[in-house]
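coords.cif follows (mmCIF, C-alpha atoms and all ligand atoms):
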data_query
loop_
_atom_site.label_atom_id
_atom_site.label_comp_id
_atom_site.auth_asym_id
_atom_site.auth_seq_id
_atom_site.Cartn_x
_atom_site.Cartn_y
_atom_site.Cartn_z
CA MET A 1 141.85 87.34 102.58
CA ASN A 2 138.63 85.40 103.08
CA ILE A 3 136.40 85.58 100.07
CA PRO A 4 132.83 85.85 101.35
CA LEU A 5 130.31 83.28 100.16
CA PRO A 6 127.90 84.56 97.51
CA ILE A 7 124.55 86.07 98.40
CA ARG A 8 121.46 83.98 97.66
CA SER A 9 119.46 85.89 95.09
CA MET A 10 115.67 86.13 94.81
CA ASP A 11 116.07 85.01 91.20
CA GLN A 12 117.05 81.56 92.46
CA ALA A 13 113.88 81.19 94.55
CA GLU A 14 110.73 79.28 93.63
CA LEU A 15 108.09 81.94 94.23
CA ARG A 16 104.97 80.81 92.42
CA ASN A 17 102.03 80.45 94.82
CA LYS A 18 104.36 81.11 97.71
CA ARG A 19 103.66 83.51 100.54
CA VAL A 20 106.68 85.80 100.26
CA LEU A 21 107.61 88.01 103.21
CA VAL A 22 109.51 90.89 101.68
CA ARG A 23 111.35 93.30 103.99
CA VAL A 24 111.58 96.73 102.39
CA ASP A 25 112.28 100.24 103.64
CA LEU A 26 109.11 102.34 103.58
CA ASN A 27 110.53 104.79 106.08
CA VAL A 28 109.70 107.72 103.80
CA PRO A 29 109.72 111.37 104.85
CA MET A 30 106.21 112.59 105.73
CA GLN A 31 104.65 115.89 106.61
CA ASP A 32 101.03 116.37 107.72
CA GLY A 33 100.15 112.85 106.62
CA GLN A 34 101.57 113.33 103.11
CA VAL A 35 104.65 111.64 101.67
CA THR A 36 107.09 114.46 100.84
CA ASP A 37 109.61 112.34 98.93
CA THR A 38 108.52 109.19 97.10
CA THR A 39 112.06 108.06 96.14
CA ARG A 40 111.97 105.01 98.43
CA LEU A 41 108.51 103.96 97.20
CA MET A 42 109.53 104.27 93.55
CA ARG A 43 112.74 102.34 94.12
CA VAL A 44 111.07 99.41 95.83
CA ALA A 45 108.11 99.24 93.44
CA PRO A 46 109.89 97.13 90.77
CA THR A 47 110.75 94.45 93.36
CA LEU A 48 107.15 94.18 94.53
CA ILE A 49 105.76 94.20 90.99
CA ARG A 50 108.20 91.49 89.99
CA LEU A 51 107.15 89.32 92.94
CA ALA A 52 103.48 89.84 92.14
CA GLU A 53 104.04 89.00 88.49
CA CYS A 54 105.90 85.83 89.48
CA GLY A 55 102.66 84.68 91.08
CA ALA A 56 103.79 85.20 94.65
CA ARG A 57 101.48 86.38 97.41
CA VAL A 58 103.42 89.45 98.37
CA ILE A 59 103.51 90.35 102.07
CA VAL A 60 105.31 93.64 102.63
CA LEU A 61 107.18 94.24 105.89
CA SER A 62 108.68 97.54 106.98
CA HIS A 63 109.43 99.73 109.94
CA PHE A 64 108.36 103.35 110.02
CA GLY A 65 109.95 105.96 112.30
CA ARG A 66 110.97 105.21 115.84
CA PRO A 67 107.76 104.49 117.75
CA LYS A 68 107.96 103.51 121.39
CA GLY A 69 105.49 100.64 121.29
CA LEU A 70 102.18 101.19 119.54
CA GLU A 71 101.99 104.88 118.57
CA SER A 72 99.29 105.40 115.98
CA ARG A 73 101.06 108.37 114.37
CA TYR A 74 103.64 105.85 113.14
CA SER A 75 101.05 103.63 111.46
CA LEU A 76 101.99 102.40 107.99
CA ARG A 77 98.34 102.64 106.96
CA VAL A 78 99.05 106.09 105.48
CA LEU A 79 101.31 104.38 102.95
CA GLN A 80 98.70 101.93 101.69
CA ARG A 81 97.46 104.32 99.03
CA PRO A 82 100.82 105.84 97.95
CA LEU A 83 102.19 102.31 97.66
CA ALA A 84 99.20 101.23 95.56
CA GLN A 85 99.82 104.23 93.29
CA ALA A 86 103.50 103.36 92.93
CA LEU A 87 102.64 99.73 92.08
CA VAL A 88 99.62 100.58 89.96
CA ARG A 89 97.76 97.76 91.67
CA GLU A 90 95.69 97.18 94.76
CA VAL A 91 97.40 96.96 98.13
CA ALA A 92 95.65 95.45 101.15
CA PHE A 93 96.55 96.44 104.70
CA ALA A 94 96.67 94.46 107.96
CA SER A 95 96.40 96.40 111.21
CA ASP A 96 99.01 94.25 112.94
CA CYS A 97 102.10 92.62 111.48
CA VAL A 98 101.53 89.36 113.37
CA GLY A 99 98.58 87.47 114.82
CA ARG A 100 94.97 87.45 113.66
CA PRO A 101 94.86 90.64 111.56
CA ALA A 102 97.91 89.49 109.56
CA GLU A 103 96.76 85.86 109.28
CA GLY A 104 93.28 86.87 108.14
CA ALA A 105 94.57 89.29 105.51
CA ILE A 106 96.99 86.69 104.17
CA ARG A 107 94.22 84.11 103.85
CA ASN A 108 92.33 86.61 101.70
CA LEU A 109 95.36 87.51 99.61
CA PRO A 110 95.11 86.18 96.05
CA VAL A 111 98.05 84.90 94.05
CA GLY A 112 99.82 88.02 92.72
CA GLY A 113 98.22 90.17 95.44
CA VAL A 114 100.08 92.64 97.64
CA LEU A 115 99.51 93.11 101.37
CA LEU A 116 101.15 95.75 103.55
CA LEU A 117 101.55 94.81 107.21
CA GLU A 118 101.50 97.35 110.04
CA ASN A 119 104.76 98.86 111.37
CA LEU A 120 107.08 96.12 112.64
CA ARG A 121 108.37 98.39 115.39
CA PHE A 122 105.00 98.37 117.14
CA HIS A 123 106.37 95.13 118.63
CA GLU A 124 109.47 95.41 120.75
CA GLY A 125 110.56 91.97 119.59
CA GLU A 126 111.47 93.52 116.23
CA GLU A 127 114.41 95.63 117.38
CA LYS A 128 115.37 93.06 120.04
CA ASN A 129 115.56 90.40 117.35
CA ASP A 130 113.43 88.29 119.65
CA ALA A 131 113.23 84.67 118.51
CA GLY A 132 109.55 84.35 119.47
CA PHE A 133 108.63 87.41 117.38
CA ALA A 134 110.74 86.27 114.43
CA LYS A 135 108.95 82.88 114.55
CA GLN A 136 105.55 84.60 114.62
CA LEU A 137 106.54 86.54 111.50
CA ALA A 138 108.04 83.47 109.85
CA ALA A 139 104.80 81.55 110.38
CA LEU A 140 103.10 84.00 107.98
CA GLY A 141 105.22 83.10 104.98
CA ASP A 142 107.06 80.44 103.01
CA VAL A 143 109.98 82.51 101.74
CA PHE A 144 111.84 85.59 103.05
CA VAL A 145 113.13 88.22 100.63
CA SER A 146 115.28 90.94 102.16
CA ASP A 147 115.35 94.12 100.10
CA ALA A 148 116.16 96.80 102.67
CA PHE A 149 119.91 97.37 102.56
CA SER A 150 119.33 100.55 104.58
CA ALA A 151 118.26 98.41 107.55
CA ALA A 152 120.96 95.75 107.08
CA HIS A 153 123.30 97.20 109.70
CA ARG A 154 120.75 96.35 112.39
CA ALA A 155 120.19 92.80 113.60
CA HIS A 156 116.42 92.94 113.95
CA ALA A 157 113.81 90.18 113.68
CA SER A 158 112.82 91.27 110.15
CA THR A 159 116.39 91.79 108.89
CA VAL A 160 118.21 88.84 110.46
CA GLY A 161 115.85 86.77 112.64
CA LEU A 162 113.60 85.66 109.77
CA ALA A 163 116.56 84.18 107.89
CA LYS A 164 116.82 81.54 110.60
CA TYR A 165 113.33 80.23 110.08
CA LEU A 166 112.65 80.69 106.36
CA PRO A 167 114.65 80.24 103.15
CA ALA A 168 116.16 83.74 102.78
CA TYR A 169 117.09 85.63 99.61
CA ALA A 170 118.34 89.09 98.70
CA GLY A 171 115.98 91.22 96.65
CA PRO A 172 117.21 93.18 93.62
CA LEU A 173 117.80 96.47 95.50
CA MET A 174 119.81 94.70 98.15
CA GLU A 175 121.87 92.96 95.48
CA GLU A 176 122.40 96.16 93.52
CA GLU A 177 123.65 98.02 96.60
CA ILE A 178 125.98 95.23 97.75
CA ASP A 179 127.36 94.96 94.24
CA ALA A 180 127.95 98.71 93.85
CA LEU A 181 129.68 98.99 97.22
CA HIS A 182 131.76 95.90 96.67
CA LYS A 183 132.90 97.12 93.29
CA SER A 184 133.75 100.62 94.50
CA VAL A 185 135.30 99.90 97.90
CA ASP A 186 136.55 96.31 98.03
CA ALA A 187 137.36 95.44 94.45
CA PRO A 188 137.65 98.81 92.71
CA THR A 189 139.06 99.60 89.34
CA ARG A 190 142.21 101.44 90.44
CA PRO A 191 143.35 104.02 91.17
CA LEU A 192 140.64 104.71 93.76
CA ALA A 193 139.97 108.08 95.41
CA ALA A 194 137.75 108.91 98.37
CA VAL A 195 136.20 112.27 99.17
CA ILE A 196 135.41 112.59 102.87
CA GLY A 197 133.63 115.65 104.17
CA GLY A 198 131.02 116.51 106.75
CA ALA A 199 131.03 118.12 110.12
CA LYS A 200 133.19 116.01 112.40
CA VAL A 201 136.23 113.77 112.33
CA SER A 202 134.84 111.95 115.39
CA THR A 203 131.78 110.63 113.53
CA LYS A 204 133.81 109.49 110.53
CA LEU A 205 136.99 108.26 112.17
CA LYS A 206 136.37 104.59 111.39
CA VAL A 207 135.43 105.49 107.80
CA ILE A 208 138.69 107.39 107.32
CA GLU A 209 140.76 104.63 108.92
CA ASN A 210 139.18 101.90 106.83
CA LEU A 211 139.40 103.86 103.58
CA LEU A 212 143.03 104.68 104.27
CA GLU A 213 143.73 100.97 103.82
CA LYS A 214 142.01 100.95 100.43
CA VAL A 215 142.34 104.23 98.59
CA ASP A 216 145.16 105.75 96.56
CA VAL A 217 143.97 109.33 97.04
CA LEU A 218 142.08 110.83 99.97
CA LEU A 219 140.44 114.24 99.53
CA ILE A 220 139.31 115.81 102.80
CA GLY A 221 136.87 118.72 103.00
CA GLY A 222 134.08 120.08 105.18
CA ALA A 223 134.45 121.12 108.79
CA MET A 224 136.20 117.79 109.24
CA ALA A 225 139.19 119.20 107.32
CA ASN A 226 139.60 121.87 110.02
CA THR A 227 140.98 119.39 112.53
CA PHE A 228 143.52 118.24 109.92
CA LEU A 229 144.45 121.88 109.24
CA LEU A 230 145.07 122.32 112.99
CA ALA A 231 147.27 119.23 112.86
CA GLN A 232 149.32 120.99 110.21
CA GLY A 233 149.79 123.98 112.47
CA LEU A 234 147.30 126.22 110.64
CA LYS A 235 144.81 128.55 112.34
CA ILE A 236 141.09 127.95 111.80
CA GLY A 237 139.65 130.98 113.60
CA SER A 238 136.29 130.20 115.19
CA SER A 239 135.49 127.36 112.75
CA LEU A 240 134.01 124.06 113.85
CA GLY A 241 136.94 121.86 114.82
CA GLU A 242 137.91 119.13 117.26
CA PRO A 243 141.18 120.13 118.97
CA ASP A 244 141.06 116.88 121.01
CA LEU A 245 141.42 114.94 117.79
CA VAL A 246 144.49 116.76 116.50
CA PRO A 247 146.80 113.89 117.55
CA THR A 248 144.47 111.48 115.74
CA ALA A 249 144.56 113.64 112.62
CA GLU A 250 148.37 113.73 112.84
CA ARG A 251 148.49 109.95 113.10
CA ILE A 252 146.19 109.57 110.08
CA LEU A 253 148.32 111.89 107.96
CA HIS A 254 151.42 109.98 109.03
CA GLN A 255 149.83 106.58 108.26
CA ALA A 256 148.76 107.82 104.84
CA GLU A 257 152.33 108.78 104.05
CA GLY A 258 153.50 105.28 104.97
CA LYS A 259 150.88 103.75 102.66
CA ASN A 260 151.62 105.99 99.73
CA CYS A 261 148.10 107.35 99.96
CA ARG A 262 148.00 110.95 98.77
CA VAL A 263 145.98 113.19 101.09
CA LEU A 264 144.66 116.54 99.93
CA LEU A 265 143.39 119.26 102.24
CA PRO A 266 141.83 122.55 101.15
CA ASN A 267 144.27 125.34 100.24
CA ASP A 268 141.62 128.06 100.23
CA ALA A 269 138.39 128.67 102.11
CA VAL A 270 135.19 130.65 101.99
CA ILE A 271 134.78 132.33 105.37
CA ALA A 272 132.15 134.37 107.21
CA ASP A 273 131.59 135.64 110.73
CA LYS A 274 128.73 133.25 111.30
CA LEU A 275 126.68 130.59 109.59
CA GLU A 276 123.55 132.47 108.57
CA PRO A 277 121.65 133.14 105.35
CA GLY A 278 122.69 136.41 103.74
CA VAL A 279 125.87 136.78 105.79
CA ALA A 280 128.84 138.50 104.06
CA SER A 281 131.43 135.95 102.95
CA ARG A 282 134.86 136.11 101.36
CA LEU A 283 137.56 133.91 99.96
CA VAL A 284 140.93 133.53 101.73
CA ARG A 285 144.03 131.42 101.42
CA ILE A 286 144.03 128.63 103.95
CA ASP A 287 146.99 130.17 105.85
CA ALA A 288 145.14 133.48 106.23
CA VAL A 289 141.98 132.62 108.17
CA PRO A 290 141.30 135.50 110.58
CA GLU A 291 140.79 134.83 114.26
CA ARG A 292 137.06 135.42 114.39
CA ALA A 293 136.14 133.91 111.01
CA MET A 294 134.49 130.56 110.33
CA ILE A 295 135.56 128.34 107.44
CA LEU A 296 132.24 127.41 105.82
CA ASP A 297 133.25 126.04 102.44
CA VAL A 298 136.28 125.03 100.40
CA GLY A 299 137.34 127.59 97.79
CA PRO A 300 137.69 127.29 93.99
CA SER A 301 141.42 126.57 94.11
CA SER A 302 140.81 123.57 96.41
CA ILE A 303 138.08 122.32 94.07
CA ALA A 304 140.40 122.66 91.07
CA ASN A 305 143.04 120.61 92.93
CA TYR A 306 140.53 117.93 93.91
CA LEU A 307 139.22 117.64 90.36
CA GLN A 308 142.75 117.41 89.00
CA GLN A 309 143.37 114.46 91.34
CA ILE A 310 140.06 112.87 90.43
CA GLN A 311 141.06 113.01 86.77
CA THR A 312 143.96 110.68 87.61
CA VAL A 313 141.76 107.95 89.15
CA ARG A 314 139.24 105.48 87.76
CA SER A 315 136.94 105.09 90.81
CA LEU A 316 135.64 107.44 93.46
CA VAL A 317 133.73 107.02 96.73
CA TRP A 318 132.22 110.14 98.28
CA ASN A 319 130.70 110.73 101.69
CA GLY A 320 130.17 114.11 103.30
CA PRO A 321 129.62 117.62 101.89
CA LEU A 322 132.65 119.91 101.63
CA GLY A 323 130.91 122.88 103.22
CA ALA A 324 127.83 124.02 105.09
CA PHE A 325 125.86 123.35 101.90
CA GLU A 326 122.44 123.98 103.45
CA ILE A 327 123.06 127.73 103.33
CA ALA A 328 124.10 129.59 100.16
CA PRO A 329 126.75 130.41 99.08
CA PHE A 330 128.48 127.72 101.18
CA ASP A 331 127.18 125.00 98.85
CA GLU A 332 129.26 126.21 95.92
CA GLY A 333 132.35 124.09 96.57
CA SER A 334 130.39 120.87 97.01
CA VAL A 335 128.17 121.62 94.02
CA ALA A 336 131.20 122.35 91.80
CA LEU A 337 132.88 119.09 92.82
CA ALA A 338 129.63 117.16 92.32
CA ARG A 339 129.25 118.57 88.79
CA GLY A 340 132.86 117.77 87.95
CA VAL A 341 132.47 114.18 89.15
CA ALA A 342 129.21 113.92 87.21
CA ASP A 343 130.97 115.14 84.03
CA TYR A 344 133.80 112.61 84.32
CA THR A 345 131.30 109.84 85.04
CA ARG A 346 129.12 110.75 82.06
CA ALA A 347 132.23 110.75 79.87
CA GLY A 348 132.92 107.16 80.97
CA ALA A 349 136.20 108.10 82.67
CA LEU A 350 135.09 107.47 86.25
CA ILE A 351 133.05 105.06 88.37
CA SER A 352 131.45 107.24 91.05
CA VAL A 353 129.65 106.03 94.15
CA ALA A 354 128.28 108.34 96.82
CA GLY A 355 126.13 108.06 99.92
CA GLY A 356 125.17 109.54 103.29
CA GLY A 357 122.02 111.45 104.24
CA ASP A 358 123.40 114.94 103.64
CA THR A 359 125.51 113.87 100.68
CA VAL A 360 122.42 112.56 98.88
CA ALA A 361 120.63 115.85 99.64
CA LEU A 362 123.61 117.74 98.25
CA LEU A 363 123.74 115.71 95.03
CA ASN A 364 120.02 116.26 94.55
CA GLN A 365 120.54 119.98 95.11
CA ALA A 366 123.33 119.95 92.51
CA GLY A 367 121.03 118.04 90.13
CA VAL A 368 123.56 115.27 89.41
CA THR A 369 122.22 112.21 91.23
CA GLN A 370 121.35 110.51 87.95
CA ASP A 371 124.85 111.08 86.58
CA PHE A 372 126.70 109.23 89.32
CA THR A 373 127.32 105.52 88.79
CA TYR A 374 125.51 104.73 92.04
CA VAL A 375 124.05 106.83 94.83
CA SER A 376 123.25 104.96 98.01
CA THR A 377 120.28 106.15 100.02
CA ALA A 378 121.08 103.73 102.82
CA GLY A 379 122.54 106.28 105.28
CA GLY A 380 123.79 104.41 108.35
CA ALA A 381 124.25 101.07 106.56
CA PHE A 382 126.29 102.78 103.82
CA LEU A 383 128.55 104.39 106.44
CA GLU A 384 129.01 101.13 108.32
CA TYR A 385 129.98 99.48 105.06
CA LEU A 386 132.57 102.23 104.50
CA GLU A 387 133.81 101.55 108.04
CA GLY A 388 134.52 97.99 106.94
CA ALA A 389 131.92 96.58 109.34
CA SER A 390 130.12 93.40 108.37
CA LEU A 391 126.39 93.97 108.10
CA PRO A 392 124.30 91.31 109.85
CA GLY A 393 121.39 91.76 107.43
CA VAL A 394 123.73 90.96 104.53
CA GLU A 395 125.69 88.17 106.19
CA CYS A 396 122.51 86.18 106.89
CA LEU A 397 121.79 86.07 103.14
CA ARG A 398 125.05 84.39 102.19
CA GLN A 399 125.00 80.83 100.96
CA LYS A 400 125.87 78.36 103.63
CA PRO A 401 128.78 76.04 102.85
CA SER A 402 126.11 73.28 102.81
CA ASP A 403 124.25 75.04 99.93
CA VAL A 404 127.18 74.78 97.56
P1 LIG B 1 126.43 112.69 105.57
O1 LIG B 1 125.06 112.86 106.18
O2 LIG B 1 126.40 112.74 104.08
O3 LIG B 1 127.16 111.48 106.11
P2 LIG B 1 127.58 114.54 107.48
O4 LIG B 1 126.34 114.44 108.32
O5 LIG B 1 128.81 113.91 108.01
O6 LIG B 1 127.30 113.99 105.99
O7 LIG B 1 127.96 116.05 107.22
C1 LIG B 1 127.07 117.01 106.73
C2 LIG B 1 127.05 118.24 107.58
O8 LIG B 1 128.34 118.81 107.67
C3 LIG B 1 126.15 119.26 106.97
O9 LIG B 1 125.13 119.59 107.89
C4 LIG B 1 127.06 120.46 106.70
O10 LIG B 1 126.45 121.70 106.96
C5 LIG B 1 128.17 120.22 107.69
N1 LIG B 1 129.40 120.91 107.29
C6 LIG B 1 130.23 120.63 106.28
N2 LIG B 1 131.23 121.52 106.21
C7 LIG B 1 131.02 122.41 107.20
C8 LIG B 1 131.71 123.57 107.66
N3 LIG B 1 132.82 123.99 107.06
N4 LIG B 1 131.21 124.23 108.72
C9 LIG B 1 130.09 123.80 109.33
N5 LIG B 1 129.39 122.72 108.95
C10 LIG B 1 129.85 122.04 107.91
MG MG B 2 124.41 113.64 108.06
#

Mind turning the file's structure into structure tokens?
Amino acid sequence: MNIPLPIRSMDQAELRNKRVLVRVDLNVPMQDGQVTDTTRLMRVAPTLIRLAECGARVIVLSHFGRPKGLESRYSLRVLQRPLAQALVREVAFASDCVGRPAEGAIRNLPVGGVLLLENLRFHEGEEKNDAGFAKQLAALGDVFVSDAFSAAHRAHASTVGLAKYLPAYAGPLMEEEIDALHKSVDAPTRPLAAVIGGAKVSTKLKVIENLLEKVDVLLIGGAMANTFLLAQGLKIGSSLGEPDLVPTAERILHQAEGKNCRVLLPNDAVIADKLEPGVASRLVRIDAVPERAMILDVGPSSIANYLQQIQTVRSLVWNGPLGAFEIAPFDEGSVALARGVADYTRAGALISVAGGGDTVALLNQAGVTQDFTYVSTAGGAFLEYLEGASLPGVECLRQKPSDV
């Protein structure tokens, strides 16, 4: 196996008096011009404060939403004030991320000052990783700090391009995320278990296949389990399932057997006629799902089995809820598992890492996010990491053989 070269860390960089271009993820959820969840701002604040206190001139780069060209409703200006509040210091704003507005604002930026540049995606060169655009950005700074792991699966000008033209370093959040994922997926304390849930096998096929190579125990839940149940000859009624993928599910189960990877599927289910608030639900054994019923959650016996398995391992990776957790009571299975994992982690018996958009929402709903060893908010980049893909925004931060 090739051991990857180490990541260059921001701590190694000379930052005093330097113009530091720092790529962060300010793609926060907004409603009616108000930030509805400040998690991302709070998480990135320590990086920016640290840079400012090092005596850098801090130039903040981010995308925001998916504008098609310049669409003012995607302006980052609305974040100037929330960012200033999170940093407890002044934040200047430049109405364009390159050219005169940016250059002028940077000239006025004192040592230790913070400047937010307008949405990178207002320029199409950003997502195209256009060399000309990357050079325009690079001309604004002396050093590039990349601290947006959540954007690292995309080769954009601000995630990869800049590293060609400026000395490039990983920020603390980037390092923390790479470290947590490396420790839980690639170099785990064994035995290692994975919990994979969610709606579809098709969207997680690469994740399952990659994890199969790495884990000792695989716990499958969510609607995704339905396709595996079909592969075992069970009936799933009118549940969400992917009959086309039954052969794939069979192959996965067969491969797991060959690798001595234990696979657990639910042995009971919470069913209802439809997925709606207030609908009547009941618990059935997994071999007794009626024709017109939908499996909407795993039952308590399945959860007990999963937790029993988890007690035998030292590390756990989790992506995907085990049921339609957005609607009560179909969150109960996922919440119970989340609390169990949180308990073992708090007791020091388990290293637990979780991620995925809905999984993070679920853990927040269960009130256990703080109890997990690490919860990744990186969404797509987290999933690509679980797929075993190499992330261009991480690779460009590795030391070059010439650095060593
Ligand atoms: P993540 O965003 O964490 O990667 P996914 O998007 O893969 O997770 O899966 C979450 C979705 O799966 C949720 O919307 C949830 O309602 C749905 N889901 C899970 N189990 C079921 C089920 N049994 N029936 C219908 N939907 C389900
Ligand atoms: Mg999702």

Contacts to ligand LIG 1 (chain B) at 10 Å cut-off (only C-alpha atoms and all ligand atoms) as number ranges by chain: A: 196-204, 221-226, 239-241, 269-271, 274-275, 294-298, 318-327, 330-331, 334, 354-363, 377, 379-380, 382-383

Only C-alpha atoms, please: the residues just picked out, written as a PDB file, in the frame of the given file.
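For reference, out.pdb as written:
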ATOM      1  CA  ILE A 196     135.410 112.590 102.870  1.00  0.00           C
ATOM      2  CA  GLY A 197     133.630 115.650 104.170  1.00  0.00           C
ATOM      3  CA  GLY A 198     131.020 116.510 106.750  1.00  0.00           C
ATOM      4  CA  ALA A 199     131.030 118.120 110.120  1.00  0.00           C
ATOM      5  CA  LYS A 200     133.190 116.010 112.400  1.00  0.00           C
ATOM      6  CA  VAL A 201     136.230 113.770 112.330  1.00  0.00           C
ATOM      7  CA  SER A 202     134.840 111.950 115.390  1.00  0.00           C
ATOM      8  CA  THR A 203     131.780 110.630 113.530  1.00  0.00           C
ATOM      9  CA  LYS A 204     133.810 109.490 110.530  1.00  0.00           C
ATOM     10  CA  GLY A 221     136.870 118.720 103.000  1.00  0.00           C
ATOM     11  CA  GLY A 222     134.080 120.080 105.180  1.00  0.00           C
ATOM     12  CA  ALA A 223     134.450 121.120 108.790  1.00  0.00           C
ATOM     13  CA  MET A 224     136.200 117.790 109.240  1.00  0.00           C
ATOM     14  CA  ALA A 225     139.190 119.200 107.320  1.00  0.00           C
ATOM     15  CA  ASN A 226     139.600 121.870 110.020  1.00  0.00           C
ATOM     16  CA  SER A 239     135.490 127.360 112.750  1.00  0.00           C
ATOM     17  CA  LEU A 240     134.010 124.060 113.850  1.00  0.00           C
ATOM     18  CA  GLY A 241     136.940 121.860 114.820  1.00  0.00           C
ATOM     19  CA  ALA A 269     138.390 128.670 102.110  1.00  0.00           C
ATOM     20  CA  VAL A 270     135.190 130.650 101.990  1.00  0.00           C
ATOM     21  CA  ILE A 271     134.780 132.330 105.370  1.00  0.00           C
ATOM     22  CA  LYS A 274     128.730 133.250 111.300  1.00  0.00           C
ATOM     23  CA  LEU A 275     126.680 130.590 109.590  1.00  0.00           C
ATOM     24  CA  MET A 294     134.490 130.560 110.330  1.00  0.00           C
ATOM     25  CA  ILE A 295     135.560 128.340 107.440  1.00  0.00           C
ATOM     26  CA  LEU A 296     132.240 127.410 105.820  1.00  0.00           C
ATOM     27  CA  ASP A 297     133.250 126.040 102.440  1.00  0.00           C
ATOM     28  CA  VAL A 298     136.280 125.030 100.400  1.00  0.00           C
ATOM     29  CA  TRP A 318     132.220 110.140  98.280  1.00  0.00           C
ATOM     30  CA  ASN A 319     130.700 110.730 101.690  1.00  0.00           C
ATOM     31  CA  GLY A 320     130.170 114.110 103.300  1.00  0.00           C
ATOM     32  CA  PRO A 321     129.620 117.620 101.890  1.00  0.00           C
ATOM     33  CA  LEU A 322     132.650 119.910 101.630  1.00  0.00           C
ATOM     34  CA  GLY A 323     130.910 122.880 103.220  1.00  0.00           C
ATOM     35  CA  ALA A 324     127.830 124.020 105.090  1.00  0.00           C
ATOM     36  CA  PHE A 325     125.860 123.350 101.900  1.00  0.00           C
ATOM     37  CA  GLU A 326     122.440 123.980 103.450  1.00  0.00           C
ATOM     38  CA  ILE A 327     123.060 127.730 103.330  1.00  0.00           C
ATOM     39  CA  PHE A 330     128.480 127.720 101.180  1.00  0.00           C
ATOM     40  CA  ASP A 331     127.180 125.000  98.850  1.00  0.00           C
ATOM     41  CA  SER A 334     130.390 120.870  97.010  1.00  0.00           C
ATOM     42  CA  ALA A 354     128.280 108.340  96.820  1.00  0.00           C
ATOM     43  CA  GLY A 355     126.130 108.060  99.920  1.00  0.00           C
ATOM     44  CA  GLY A 356     125.170 109.540 103.290  1.00  0.00           C
ATOM     45  CA  GLY A 357     122.020 111.450 104.240  1.00  0.00           C
ATOM     46  CA  ASP A 358     123.400 114.940 103.640  1.00  0.00           C
ATOM     47  CA  THR A 359     125.510 113.870 100.680  1.00  0.00           C
ATOM     48  CA  VAL A 360     122.420 112.560  98.880  1.00  0.00           C
ATOM     49  CA  ALA A 361     120.630 115.850  99.640  1.00  0.00           C
ATOM     50  CA  LEU A 362     123.610 117.740  98.250  1.00  0.00           C
ATOM     51  CA  LEU A 363     123.740 115.710  95.030  1.00  0.00           C
ATOM     52  CA  THR A 377     120.280 106.150 100.020  1.00  0.00           C
ATOM     53  CA  GLY A 379     122.540 106.280 105.280  1.00  0.00           C
ATOM     54  CA  GLY A 380     123.790 104.410 108.350  1.00  0.00           C
ATOM     55  CA  PHE A 382     126.290 102.780 103.820  1.00  0.00           C
ATOM     56  CA  LEU A 383     128.550 104.390 106.440  1.00  0.00           C
TER      57      LEU A 383
END

From (102.7, 86.2, 112.0), in the file's coordinates, out to 9 Å: which residues are reached, counting all atoms listed in the file? Answer as a PDB file with C-alpha atoms, in the coordinates of the input.
ATOM      1  CA  ASP A  96      99.010  94.250 112.940  1.00  0.00           C
ATOM      2  CA  CYS A  97     102.100  92.620 111.480  1.00  0.00           C
ATOM      3  CA  VAL A  98     101.530  89.360 113.370  1.00  0.00           C
ATOM      4  CA  GLY A  99      98.580  87.470 114.820  1.00  0.00           C
ATOM      5  CA  ARG A 100      94.970  87.450 113.660  1.00  0.00           C
ATOM      6  CA  ALA A 102      97.910  89.490 109.560  1.00  0.00           C
ATOM      7  CA  GLU A 103      96.760  85.860 109.280  1.00  0.00           C
ATOM      8  CA  PHE A 133     108.630  87.410 117.380  1.00  0.00           C
ATOM      9  CA  ALA A 134     110.740  86.270 114.430  1.00  0.00           C
ATOM     10  CA  LYS A 135     108.950  82.880 114.550  1.00  0.00           C
ATOM     11  CA  GLN A 136     105.550  84.600 114.620  1.00  0.00           C
ATOM     12  CA  LEU A 137     106.540  86.540 111.500  1.00  0.00           C
ATOM     13  CA  ALA A 138     108.040  83.470 109.850  1.00  0.00           C
ATOM     14  CA  ALA A 139     104.800  81.550 110.380  1.00  0.00           C
ATOM     15  CA  LEU A 140     103.100  84.000 107.980  1.00  0.00           C
ATOM     16  CA  GLY A 141     105.220  83.100 104.980  1.00  0.00           C
TER      17      GLY A 141
END

Test item: residues at most 12 Å from Ala378 of chain A, only C-alpha atoms, excluding those fewer than 6 positions along its chain, as a compact mmCIF listing (two decimals) with C-alpha atoms, in the frame of the given file:
# COMPACT_ATOMS: atom_id res chain seq x y z
CA VAL A 24 111.58 96.73 102.39
CA ASP A 25 112.28 100.24 103.64
CA ASN A 27 110.53 104.79 106.08
CA ARG A 40 111.97 105.01 98.43
CA ASP A 147 115.35 94.12 100.10
CA ALA A 148 116.16 96.80 102.67
CA PHE A 149 119.91 97.37 102.56
CA SER A 150 119.33 100.55 104.58
CA ALA A 151 118.26 98.41 107.55
CA ALA A 152 120.96 95.75 107.08
CA HIS A 153 123.30 97.20 109.70
CA LEU A 173 117.80 96.47 95.50
CA MET A 174 119.81 94.70 98.15
CA GLU A 177 123.65 98.02 96.60
CA ILE A 178 125.98 95.23 97.75
CA LEU A 181 129.68 98.99 97.22
CA ASN A 319 130.70 110.73 101.69
CA ALA A 354 128.28 108.34 96.82
CA GLY A 355 126.13 108.06 99.92
CA GLY A 356 125.17 109.54 103.29
CA GLY A 357 122.02 111.45 104.24
CA ASP A 358 123.40 114.94 103.64
CA THR A 359 125.51 113.87 100.68
CA VAL A 360 122.42 112.56 98.88
CA GLU A 384 129.01 101.13 108.32
CA TYR A 385 129.98 99.48 105.06
CA LEU A 386 132.57 102.23 104.50
